[in-house]
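A.B. asks: Below is the file data_33.cif, which contains mmCIF, C-alpha atoms.
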data_entry
loop_
_atom_site.label_atom_id
_atom_site.label_comp_id
_atom_site.auth_asym_id
_atom_site.auth_seq_id
_atom_site.Cartn_x
_atom_site.Cartn_y
_atom_site.Cartn_z
CA MET A 1 -14.58 -21.92 -8.71
CA ALA A 2 -18.24 -21.27 -9.49
CA ALA A 3 -19.08 -19.06 -12.45
CA SER A 4 -18.75 -15.37 -11.65
CA LEU A 5 -21.78 -13.11 -11.89
CA TYR A 6 -20.34 -11.64 -15.08
CA GLY A 7 -17.49 -12.75 -17.28
CA PRO A 8 -14.99 -11.30 -19.78
CA ASP A 9 -17.61 -10.89 -22.51
CA GLU A 10 -19.75 -8.66 -20.28
CA ALA A 11 -16.96 -6.70 -18.61
CA GLN A 12 -16.36 -3.08 -19.50
CA PRO A 13 -12.82 -1.97 -20.47
CA ALA A 14 -12.17 -0.13 -17.24
CA ILE A 15 -10.01 -0.27 -14.13
CA TRP A 16 -11.81 0.66 -10.92
CA VAL A 17 -10.02 1.75 -7.75
CA TYR A 18 -11.59 1.69 -4.30
CA LEU A 19 -10.94 5.18 -2.95
CA GLU A 20 -10.39 4.47 0.70
CA GLN A 21 -10.78 7.55 2.87
CA GLU A 22 -10.67 8.41 6.54
CA GLN A 23 -12.66 11.41 7.75
CA ALA A 24 -12.91 12.80 4.20
CA VAL A 25 -9.17 12.44 3.51
CA LEU A 26 -8.07 10.01 0.81
CA GLU A 27 -5.59 7.39 1.93
CA ARG A 28 -2.27 7.64 0.11
CA VAL A 29 -2.60 4.07 -1.17
CA SER A 30 -5.73 5.13 -3.07
CA LEU A 31 -3.71 7.76 -4.92
CA GLU A 32 -0.93 5.25 -5.56
CA LEU A 33 -3.45 2.84 -7.10
CA LEU A 34 -4.98 5.60 -9.22
CA SER A 35 -1.50 6.43 -10.50
CA LYS A 36 -0.83 2.81 -11.43
CA ALA A 37 -4.30 2.36 -12.91
CA ARG A 38 -3.77 5.42 -15.11
CA GLU A 39 -0.48 4.00 -16.34
CA LEU A 40 -2.04 0.61 -17.13
CA ALA A 41 -5.15 2.11 -18.73
CA ASP A 42 -3.15 4.43 -20.99
CA GLY A 43 -1.26 1.44 -22.34
CA ILE A 44 -4.42 -0.34 -23.45
CA GLY A 45 -6.90 2.45 -24.11
CA TRP A 46 -9.15 1.83 -21.10
CA ARG A 47 -10.72 4.28 -18.68
CA VAL A 48 -10.10 4.62 -14.95
CA ALA A 49 -12.86 4.98 -12.38
CA GLY A 50 -12.78 5.60 -8.65
CA LEU A 51 -15.35 4.20 -6.22
CA LEU A 52 -15.89 6.69 -3.39
CA LEU A 53 -18.02 5.66 -0.40
CA GLY A 54 -18.61 7.70 2.74
CA HIS A 55 -20.38 10.79 4.03
CA ARG A 56 -19.64 14.34 2.89
CA VAL A 57 -16.92 12.98 0.60
CA LYS A 58 -17.81 14.79 -2.63
CA PRO A 59 -14.94 17.31 -2.18
CA LEU A 60 -12.56 14.37 -2.77
CA VAL A 61 -13.80 13.88 -6.34
CA GLU A 62 -11.56 16.58 -7.83
CA GLN A 63 -8.57 15.00 -6.14
CA ALA A 64 -9.40 11.66 -7.75
CA PHE A 65 -9.63 13.32 -11.16
CA ALA A 66 -6.25 14.99 -10.63
CA TRP A 67 -4.60 11.63 -9.97
CA GLY A 68 -6.01 9.92 -13.03
CA ALA A 69 -9.68 8.99 -12.66
CA ASP A 70 -11.89 9.59 -15.69
CA GLU A 71 -15.02 9.13 -13.60
CA VAL A 72 -15.89 8.74 -9.93
CA TRP A 73 -18.83 6.71 -8.70
CA VAL A 74 -20.01 8.29 -5.45
CA ALA A 75 -22.23 6.98 -2.66
CA ASP A 76 -22.67 9.63 0.02
CA HIS A 77 -24.69 8.61 3.08
CA PRO A 78 -24.34 8.82 6.90
CA LEU A 79 -24.40 5.00 7.20
CA LEU A 80 -21.24 4.82 5.08
CA GLU A 81 -19.19 6.77 7.62
CA PRO A 82 -17.22 5.52 9.45
CA PHE A 83 -16.27 2.40 7.51
CA THR A 84 -18.14 -0.80 8.28
CA VAL A 85 -17.56 -3.77 6.06
CA GLU A 86 -21.29 -4.56 5.78
CA ALA A 87 -22.28 -1.14 4.47
CA HIS A 88 -19.31 -0.70 2.15
CA THR A 89 -19.60 -4.23 0.77
CA ALA A 90 -23.27 -3.72 0.00
CA MET A 91 -22.65 -0.47 -1.87
CA ALA A 92 -19.50 -1.64 -3.64
CA PHE A 93 -21.25 -4.81 -4.82
CA ARG A 94 -24.13 -2.77 -6.22
CA ALA A 95 -21.79 -0.37 -8.00
CA LEU A 96 -19.63 -3.13 -9.48
CA MET A 97 -22.64 -4.99 -10.80
CA GLN A 98 -23.87 -1.78 -12.38
CA GLY A 99 -20.54 -0.71 -13.89
CA ARG A 100 -19.11 -4.20 -14.54
CA PRO A 101 -15.44 -3.20 -14.75
CA SER A 102 -12.82 -5.63 -15.91
CA VAL A 103 -10.48 -4.80 -13.00
CA PHE A 104 -11.10 -3.70 -9.39
CA LEU A 105 -8.18 -2.70 -7.15
CA CYS A 106 -8.07 -2.14 -3.39
CA GLY A 107 -5.33 -1.12 -1.03
CA ALA A 108 -4.11 -3.95 1.19
CA THR A 109 -5.05 -2.03 4.33
CA PRO A 110 -7.17 -3.56 7.11
CA ASN A 111 -10.34 -2.08 5.58
CA GLY A 112 -9.31 -2.76 2.00
CA ARG A 113 -8.49 -6.40 2.69
CA ASP A 114 -11.76 -6.89 4.56
CA LEU A 115 -13.77 -5.34 1.74
CA ALA A 116 -11.95 -7.12 -1.08
CA GLY A 117 -12.35 -10.57 0.47
CA ARG A 118 -16.09 -10.18 0.99
CA LEU A 119 -16.62 -8.75 -2.48
CA ALA A 120 -14.71 -11.59 -4.13
CA VAL A 121 -17.04 -14.10 -2.48
CA ARG A 122 -20.18 -12.18 -3.43
CA LEU A 123 -19.03 -11.67 -7.01
CA ARG A 124 -17.82 -15.29 -7.31
CA THR A 125 -14.49 -14.14 -8.63
CA GLY A 126 -10.86 -14.46 -7.58
CA LEU A 127 -8.65 -12.16 -5.56
CA THR A 128 -4.89 -11.78 -5.94
CA ALA A 129 -3.71 -10.48 -2.58
CA ASP A 130 -0.66 -8.38 -1.69
CA CYS A 131 0.62 -7.89 -5.22
CA THR A 132 4.10 -6.49 -5.75
CA ASP A 133 3.36 -5.55 -9.37
CA LEU A 134 0.46 -5.43 -11.83
CA ARG A 135 0.28 -5.40 -15.59
CA LEU A 136 -2.31 -5.87 -18.33
CA ASP A 137 -1.86 -8.15 -21.34
CA PRO A 138 -3.50 -6.42 -24.35
CA GLU A 139 -3.14 -9.55 -26.46
CA GLN A 140 -5.44 -11.40 -24.06
CA GLY A 141 -8.13 -8.77 -23.85
CA GLY A 142 -6.65 -6.93 -20.90
CA LEU A 143 -5.88 -9.94 -18.73
CA LEU A 144 -4.59 -8.70 -15.38
CA ILE A 145 -1.32 -10.28 -14.31
CA GLY A 146 -0.64 -9.99 -10.60
CA GLU A 147 2.88 -10.61 -9.32
CA VAL A 148 3.02 -12.15 -5.86
CA THR A 149 5.97 -13.48 -3.86
CA GLY A 150 5.63 -16.64 -1.83
CA PHE A 151 7.42 -19.40 0.06
CA GLY A 152 9.48 -16.95 2.06
CA GLY A 153 10.33 -14.96 -1.04
CA GLY A 154 11.80 -17.94 -2.91
CA VAL A 155 9.09 -17.91 -5.58
CA VAL A 156 7.55 -15.14 -7.67
CA ALA A 157 4.14 -16.22 -8.93
CA LEU A 158 2.21 -14.61 -11.79
CA ILE A 159 -1.51 -15.00 -11.12
CA THR A 160 -4.30 -14.45 -13.65
CA MET A 161 -8.09 -14.83 -13.76
CA PRO A 162 -8.96 -15.54 -17.41
CA HIS A 163 -12.60 -16.55 -16.87
CA HIS A 164 -13.85 -14.42 -13.97
CA ARG A 165 -14.64 -10.73 -13.65
CA PRO A 166 -13.90 -8.38 -12.11
CA GLN A 167 -10.25 -9.26 -11.87
CA MET A 168 -9.52 -8.23 -8.29
CA ALA A 169 -6.24 -7.47 -6.55
CA THR A 170 -5.00 -5.82 -3.38
CA VAL A 171 -1.74 -3.89 -3.21
CA ARG A 172 0.03 -2.78 -0.06
CA PRO A 173 0.74 0.91 0.55
CA GLY A 174 4.07 2.07 -0.83
CA VAL A 175 4.38 -0.48 -3.64
CA PHE A 176 3.60 1.97 -6.46
CA PRO A 177 4.93 5.53 -6.75
CA LEU A 178 2.65 8.55 -6.88
CA ALA A 179 2.27 10.24 -10.23
CA ALA A 180 2.24 14.02 -10.43
CA PRO A 181 -1.35 15.29 -10.03
CA GLN A 182 -2.93 17.26 -12.88
CA ALA A 183 -4.98 20.06 -11.36
CA GLY A 184 -8.19 20.84 -13.22
CA ARG A 185 -8.28 17.51 -15.02
CA PRO A 186 -11.91 16.88 -16.09
CA GLY A 187 -14.01 13.86 -15.21
CA ALA A 188 -17.54 12.59 -14.75
CA VAL A 189 -19.35 12.10 -11.44
CA ILE A 190 -21.76 9.17 -11.27
CA PRO A 191 -23.97 9.27 -8.16
CA LEU A 192 -25.16 6.01 -6.63
CA ASP A 193 -28.52 5.56 -4.97
CA VAL A 194 -28.16 4.50 -1.35
CA ASP A 195 -31.00 2.58 0.26
CA LEU A 196 -29.16 1.32 3.33
CA ARG A 197 -31.22 1.03 6.52
CA PRO A 198 -29.81 0.84 10.06
CA GLU A 199 -31.77 -2.34 10.77
CA ASP A 200 -30.01 -4.08 7.86
CA LEU A 201 -26.57 -3.52 9.38
CA HIS A 202 -25.45 -5.78 12.21
CA THR A 203 -22.29 -3.92 13.15
CA ARG A 204 -21.71 -0.37 14.32
CA VAL A 205 -18.70 1.56 15.47
CA VAL A 206 -18.99 2.36 19.16
CA GLU A 207 -15.62 4.05 19.61
CA ARG A 208 -12.47 4.58 17.59
CA VAL A 209 -9.16 4.42 19.43
CA ILE A 210 -6.05 5.33 17.47
CA GLY A 211 -2.70 4.49 18.96
CA GLN A 212 0.61 6.17 18.32
CA GLY A 213 1.49 4.50 15.06
CA VAL A 214 4.29 5.13 12.59
CA ASP A 215 4.08 5.41 8.81
CA LEU A 216 7.36 4.10 7.45
CA THR A 217 6.17 4.63 3.87
CA GLN A 218 6.56 8.40 4.34
CA ALA A 219 10.09 8.34 5.78
CA PRO A 220 12.73 9.97 3.53
CA VAL A 221 15.46 8.03 5.37
CA LEU A 222 14.99 4.54 6.79
CA VAL A 223 17.47 2.90 9.18
CA VAL A 224 16.71 -0.83 9.36
CA GLY A 225 18.14 -3.32 11.83
CA GLY A 226 18.36 -7.06 11.49
CA ARG A 227 19.36 -9.91 13.76
CA GLY A 228 22.98 -8.75 13.63
CA ILE A 229 22.43 -5.66 15.78
CA HIS A 230 21.42 -7.86 18.74
CA GLY A 231 18.48 -5.70 19.77
CA ARG A 232 20.39 -2.39 19.91
CA PHE A 233 17.59 -0.45 18.30
CA ASP A 234 18.40 2.50 20.55
CA LEU A 235 21.42 3.14 18.33
CA LEU A 236 19.36 2.91 15.17
CA ARG A 237 16.72 5.22 16.60
CA GLU A 238 19.39 7.80 17.41
CA LEU A 239 20.86 7.57 13.91
CA ALA A 240 17.44 7.83 12.32
CA GLU A 241 16.61 10.95 14.35
CA LEU A 242 19.89 12.61 13.34
CA LEU A 243 19.08 11.92 9.69
CA GLY A 244 15.46 13.02 9.95
CA GLY A 245 14.14 9.55 9.24
CA GLU A 246 12.54 6.52 10.87
CA MET A 247 13.73 3.22 12.28
CA GLY A 248 12.64 -0.15 10.91
CA ALA A 249 13.45 -3.82 11.41
CA THR A 250 13.58 -7.11 9.61
CA ARG A 251 11.28 -9.92 10.68
CA PRO A 252 13.51 -11.85 13.16
CA PRO A 253 13.82 -9.01 15.74
CA VAL A 254 10.08 -8.41 15.46
CA ASP A 255 9.32 -12.09 16.04
CA GLU A 256 11.62 -12.03 19.06
CA GLY A 257 9.67 -9.12 20.53
CA LEU A 258 12.61 -6.70 20.36
CA ILE A 259 10.64 -4.11 18.38
CA GLY A 260 7.01 -3.52 17.42
CA ARG A 261 5.52 -5.17 14.35
CA GLU A 262 4.47 -1.81 12.93
CA ARG A 263 8.17 -1.24 12.15
CA GLN A 264 8.68 -4.47 10.22
CA VAL A 265 9.94 -3.91 6.68
CA GLY A 266 9.53 -6.49 3.93
CA GLN A 267 7.11 -8.86 2.28
CA THR A 268 5.13 -9.49 5.47
CA GLY A 269 5.65 -5.97 6.78
CA VAL A 270 5.79 -2.58 5.09
CA VAL A 271 6.98 -1.76 1.57
CA CYS A 272 8.83 1.56 1.56
CA ARG A 273 10.31 4.02 -0.94
CA PRO A 274 12.81 6.07 1.09
CA LYS A 275 15.42 8.23 -0.57
CA VAL A 276 18.04 6.43 1.54
CA ALA A 277 17.84 3.07 3.31
CA ILE A 278 20.62 2.11 5.73
CA VAL A 279 20.47 -1.63 6.45
CA CYS A 280 22.38 -2.76 9.53
CA GLY A 281 23.09 -6.37 10.46
CA ALA A 282 20.58 -7.89 8.03
CA SER A 283 21.56 -10.73 5.70
CA GLY A 284 19.34 -9.49 2.87
CA ALA A 285 16.82 -12.27 2.38
CA PHE A 286 14.51 -11.72 -0.58
CA GLN A 287 11.40 -11.30 1.58
CA PHE A 288 13.11 -8.35 3.29
CA VAL A 289 14.58 -6.78 0.15
CA VAL A 290 11.06 -6.50 -1.29
CA GLY A 291 10.43 -3.84 1.34
CA ILE A 292 13.23 -1.52 0.19
CA GLN A 293 13.75 -2.51 -3.46
CA ASN A 294 12.49 0.89 -4.62
CA ALA A 295 14.70 2.94 -2.31
CA GLY A 296 16.76 5.65 -3.98
CA THR A 297 20.02 4.52 -2.37
CA VAL A 298 20.70 1.47 -0.22
CA ILE A 299 23.67 1.38 2.17
CA ALA A 300 24.42 -1.96 3.84
CA VAL A 301 26.50 -2.60 6.95
CA ASN A 302 27.31 -6.24 7.68
CA ASN A 303 30.32 -8.13 9.04
CA ASP A 304 29.83 -10.94 6.52
CA PRO A 305 31.31 -9.94 3.14
CA GLU A 306 29.28 -12.72 1.48
CA ALA A 307 25.92 -11.48 2.82
CA PRO A 308 23.29 -11.31 0.04
CA ILE A 309 22.45 -7.71 1.00
CA PHE A 310 25.68 -6.55 -0.65
CA GLU A 311 24.43 -7.79 -4.02
CA PHE A 312 21.47 -5.45 -3.71
CA ALA A 313 23.07 -2.44 -1.97
CA ASP A 314 24.49 0.59 -3.77
CA TYR A 315 27.15 0.99 -1.07
CA GLY A 316 28.47 -1.57 1.37
CA VAL A 317 30.43 -1.44 4.60
CA VAL A 318 31.98 -4.69 5.79
CA GLY A 319 32.14 -4.40 9.54
CA ASP A 320 30.31 -4.76 12.82
CA ALA A 321 27.23 -2.53 12.74
CA LEU A 322 27.54 -2.01 16.51
CA GLN A 323 30.88 -0.31 15.88
CA VAL A 324 30.05 1.41 12.60
CA ILE A 325 26.77 3.00 13.73
CA PRO A 326 28.16 4.69 16.90
CA ALA A 327 31.03 6.09 14.83
CA LEU A 328 28.56 7.43 12.28
CA ILE A 329 26.43 8.98 15.03
CA GLU A 330 29.49 10.69 16.50
CA ALA A 331 30.50 12.05 13.09
CA LEU A 332 27.00 13.37 12.41
CA ARG A 333 26.86 15.06 15.82
CA ALA A 334 30.22 16.70 15.23
CA GLU A 335 29.13 17.93 11.82
CA ARG A 336 25.89 19.31 13.22
CA MET A 337 27.75 21.11 16.02
CA ALA A 338 30.11 22.66 13.49
CA VAL A 339 27.22 23.85 11.32
CA GLU A 340 25.22 25.21 14.25
CA GLY A 341 28.26 26.82 15.82
CA GLY A 342 30.25 25.05 18.48
CA PRO A 343 32.78 26.35 20.97
CA ALA A 344 35.16 28.96 19.54
CA ARG A 345 38.57 27.64 18.62
CA GLY A 346 41.66 29.69 19.65
#
Go ahead and express the file in the form of structure tokens.
C.D. replies:
Amino acid sequence: MAASLYGPDEAQPAIWVYLEQEQAVLERVSLELLSKARELADGIGWRVAGLLLGHRVKPLVEQAFAWGADEVWVADHPLLEPFTVEAHTAMAFRALMQGRPSVFLCGATPNGRDLAGRLAVRLRTGLTADCTDLRLDPEQGGLLIGEVTGFGGGVVALITMPHHRPQMATVRPGVFPLAAPQAGRPGAVIPLDVDLRPEDLHTRVVERVIGQGVDLTQAPVLVVGGRGIHGRFDLLRELAELLGGEMGATRPPVDEGLIGRERQVGQTGVVCRPKVAIVCGASGAFQFVVGIQNAGTVIAVNNDPEAPIFEFADYGVVGDALQVIPALIEALRAERMAVEGGPARG
């Protein structure tokens, strides 16, 4: 790799977080990254900064302070809203070269991944993508260690960038928990000069079309189906609705077209933190378990008593999910009817 534009000797002891926002609302992953950055920075005595790009976004500054930022670098301009990778890359590059942080973190969202890849090339530095954990080594001057799974989950790699700065990483939404915000927490605002011109930008947003998506990371209860339910996601959907949760799937049913990819849970899907995860007919491969490893309680239903999922689950039911789930649905319906008041008994 060619020499980066600045190295460890020039880097400032700071962790920067790209504060991704949509229509002046911070994405949850930005707050998750601020929470993690605050934790890492407190352990080494560094500061945390947020990079906020957009138009009419200054009201978001106080929110960034509350979740751990010591300072927020702000570029507010009409050409920065909505997101285009050209405009945001230009401003982020300028800010990073001015602030020269040791670490720069982005959410592994479509926009975050696009931005991070372009910035890594411009800055001549590396990028550790889709990290499942991050830590700083104080004995090596704050070397960022990114944990990444690979080869279908069979390998956990620890990736570092000892000679290039900023040390960049992307993290998928839901990997890190949210810290409790501290209202009124002070911080510094650093405005950035914006000299973008429309003629310098080759892309523009003509229309935004948002489909009916699902955010599994916000579900308190997650009912996940694997190959062993043989496509009966109607049962899982019914169970999830009774429990006030959402339905997910492992990769095989998604690859077979039995359910949409937006509901895929795992290393190549969504990482979730539900209070309860009910896993039905899934063997429990590592690349799937990554998606629910931070669940409060995991309940597994599988007809194979040797399935790896039972080693991870808090509770296990050995049996056919297509028999267990209907029985559970019936029991939940009966309980709900009793609570709400069913027919009078003589």
A.B. asks: At what distance in Å, to one decimal, does atom CA of A:Glu39 lie from atom CA of A:Leu127?
C.D. replies: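 Between atom CA of A:Leu127 and atom CA of A:Glu39 the gap is 21.1 Å.
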A.B. asks: Evaluated on this file, the PyMOL selection byres ((chain A and resi 265) around 10) picks out some residues - which ones are they, written as a list in words?
C.D. replies: Leu216, Thr217, Leu222, Val224, Gly225, Met247, Gly248, Ala249, Thr250, Arg251, Val254, Arg261, Glu262, Arg263, Gln264, Gly266, Gln267, Thr268, Gly269, Val270, Val271, Cys272, Gln287, Phe288, Val289, Val290, Gly291 and Ile292 of chain A
A.B. asks: Can you pull out the residues contacting A:His55? Cut-off 8 Å, using only C-alpha atoms, and skip same-chain residues under 2 positions away; I want them as number ranges by chain.
C.D. replies: A: 24, 53, 57, 75-81
A.B. asks: Generate the output file for the selected residues, C-alpha atoms, as a PDB file, keeping the file's coordinate frame.
C.D. replies:
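Written output follows (part-v5.pdb):
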ATOM      1  CA  ALA A  24     -12.910  12.800   4.200  1.00  0.00           C
ATOM      2  CA  LEU A  53     -18.020   5.660  -0.400  1.00  0.00           C
ATOM      3  CA  VAL A  57     -16.920  12.980   0.600  1.00  0.00           C
ATOM      4  CA  ALA A  75     -22.230   6.980  -2.660  1.00  0.00           C
ATOM      5  CA  ASP A  76     -22.670   9.630   0.020  1.00  0.00           C
ATOM      6  CA  HIS A  77     -24.690   8.610   3.080  1.00  0.00           C
ATOM      7  CA  PRO A  78     -24.340   8.820   6.900  1.00  0.00           C
ATOM      8  CA  LEU A  79     -24.400   5.000   7.200  1.00  0.00           C
ATOM      9  CA  LEU A  80     -21.240   4.820   5.080  1.00  0.00           C
ATOM     10  CA  GLU A  81     -19.190   6.770   7.620  1.00  0.00           C
TER      11      GLU A  81
END
A.B. asks: Any chance you could work out the residue set of the PyMOL selection byres ((chain A and resi 166) around 12) here, as a PDB file with C-alpha atoms, keeping the file's coordinate frame?
C.D. replies:
ATOM      1  CA  ALA A   3     -19.080 -19.060 -12.450  1.00  0.00           C
ATOM      2  CA  SER A   4     -18.750 -15.370 -11.650  1.00  0.00           C
ATOM      3  CA  LEU A   5     -21.780 -13.110 -11.890  1.00  0.00           C
ATOM      4  CA  TYR A   6     -20.340 -11.640 -15.080  1.00  0.00           C
ATOM      5  CA  GLY A   7     -17.490 -12.750 -17.280  1.00  0.00           C
ATOM      6  CA  PRO A   8     -14.990 -11.300 -19.780  1.00  0.00           C
ATOM      7  CA  ASP A   9     -17.610 -10.890 -22.510  1.00  0.00           C
ATOM      8  CA  GLU A  10     -19.750  -8.660 -20.280  1.00  0.00           C
ATOM      9  CA  ALA A  11     -16.960  -6.700 -18.610  1.00  0.00           C
ATOM     10  CA  GLN A  12     -16.360  -3.080 -19.500  1.00  0.00           C
ATOM     11  CA  PRO A  13     -12.820  -1.970 -20.470  1.00  0.00           C
ATOM     12  CA  ALA A  14     -12.170  -0.130 -17.240  1.00  0.00           C
ATOM     13  CA  ILE A  15     -10.010  -0.270 -14.130  1.00  0.00           C
ATOM     14  CA  TRP A  16     -11.810   0.660 -10.920  1.00  0.00           C
ATOM     15  CA  VAL A  17     -10.020   1.750  -7.750  1.00  0.00           C
ATOM     16  CA  PHE A  93     -21.250  -4.810  -4.820  1.00  0.00           C
ATOM     17  CA  ALA A  95     -21.790  -0.370  -8.000  1.00  0.00           C
ATOM     18  CA  LEU A  96     -19.630  -3.130  -9.480  1.00  0.00           C
ATOM     19  CA  MET A  97     -22.640  -4.990 -10.800  1.00  0.00           C
ATOM     20  CA  GLN A  98     -23.870  -1.780 -12.380  1.00  0.00           C
ATOM     21  CA  GLY A  99     -20.540  -0.710 -13.890  1.00  0.00           C
ATOM     22  CA  ARG A 100     -19.110  -4.200 -14.540  1.00  0.00           C
ATOM     23  CA  PRO A 101     -15.440  -3.200 -14.750  1.00  0.00           C
ATOM     24  CA  SER A 102     -12.820  -5.630 -15.910  1.00  0.00           C
ATOM     25  CA  VAL A 103     -10.480  -4.800 -13.000  1.00  0.00           C
ATOM     26  CA  PHE A 104     -11.100  -3.700  -9.390  1.00  0.00           C
ATOM     27  CA  LEU A 105      -8.180  -2.700  -7.150  1.00  0.00           C
ATOM     28  CA  ALA A 116     -11.950  -7.120  -1.080  1.00  0.00           C
ATOM     29  CA  LEU A 119     -16.620  -8.750  -2.480  1.00  0.00           C
ATOM     30  CA  ALA A 120     -14.710 -11.590  -4.130  1.00  0.00           C
ATOM     31  CA  VAL A 121     -17.040 -14.100  -2.480  1.00  0.00           C
ATOM     32  CA  ARG A 122     -20.180 -12.180  -3.430  1.00  0.00           C
ATOM     33  CA  LEU A 123     -19.030 -11.670  -7.010  1.00  0.00           C
ATOM     34  CA  ARG A 124     -17.820 -15.290  -7.310  1.00  0.00           C
ATOM     35  CA  THR A 125     -14.490 -14.140  -8.630  1.00  0.00           C
ATOM     36  CA  GLY A 126     -10.860 -14.460  -7.580  1.00  0.00           C
ATOM     37  CA  LEU A 127      -8.650 -12.160  -5.560  1.00  0.00           C
ATOM     38  CA  THR A 128      -4.890 -11.780  -5.940  1.00  0.00           C
ATOM     39  CA  GLY A 142      -6.650  -6.930 -20.900  1.00  0.00           C
ATOM     40  CA  LEU A 143      -5.880  -9.940 -18.730  1.00  0.00           C
ATOM     41  CA  LEU A 144      -4.590  -8.700 -15.380  1.00  0.00           C
ATOM     42  CA  THR A 160      -4.300 -14.450 -13.650  1.00  0.00           C
ATOM     43  CA  MET A 161      -8.090 -14.830 -13.760  1.00  0.00           C
ATOM     44  CA  PRO A 162      -8.960 -15.540 -17.410  1.00  0.00           C
ATOM     45  CA  HIS A 163     -12.600 -16.550 -16.870  1.00  0.00           C
ATOM     46  CA  HIS A 164     -13.850 -14.420 -13.970  1.00  0.00           C
ATOM     47  CA  ARG A 165     -14.640 -10.730 -13.650  1.00  0.00           C
ATOM     48  CA  GLN A 167     -10.250  -9.260 -11.870  1.00  0.00           C
ATOM     49  CA  MET A 168      -9.520  -8.230  -8.290  1.00  0.00           C
ATOM     50  CA  ALA A 169      -6.240  -7.470  -6.550  1.00  0.00           C
TER      51      ALA A 169
END
A.B. asks: Can you measure atom CA of A:Ile299 to atom CA of A:Gly245 for me? One decimal in Å is fine.
C.D. replies: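 About the pair atom CA of A:Ile299 and atom CA of A:Gly245: they are 14.4 Å apart.
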A.B. asks: For atom CA of A:Asn303 and atom CA of A:Asp320, quote the distance in Å rounded to one decimal.
C.D. replies: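 Interatomic distance here is 5.1 Å.
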A.B. asks: Return as a PyMOL selection string the set of residues that the PyMOL selection byres ((chain A and resi 106) around 6) yields on the displayed structure.
C.D. replies: chain A and resi 18+105+107+112+170
A.B. asks: A:Leu60, A:Ala327, A:Ala87, A:Ala2: which is nearest A:Val25, counting all atoms listed in the file?
C.D. replies: A:Leu60
A.B. asks: For each of A:Asn111, A:Thr149, A:Gln293, A:Ser30, take the minimum atom-to-atom distance to A:Leu51, counting all atoms listed in the file, then give the residue where this is smallest.
C.D. replies: A:Ser30
A.B. asks: Can you tell me which residues surround A:Leu239 at a distance of at most 8 Å, considering only C-alpha atoms, apart from same-chain residues fewer than 5 positions away, and format the answer as a ChimeraX atom specification?
C.D. replies: /A:223,325,328-329
A.B. asks: Which residues are close to A:Gly296, i.e. within 7 Å by all atoms listed in the file, leaving aside same-chain residues fewer than 2 positions away? Reply as an NGL selection string.
C.D. replies: :A and (274-276 or 294 or 298)
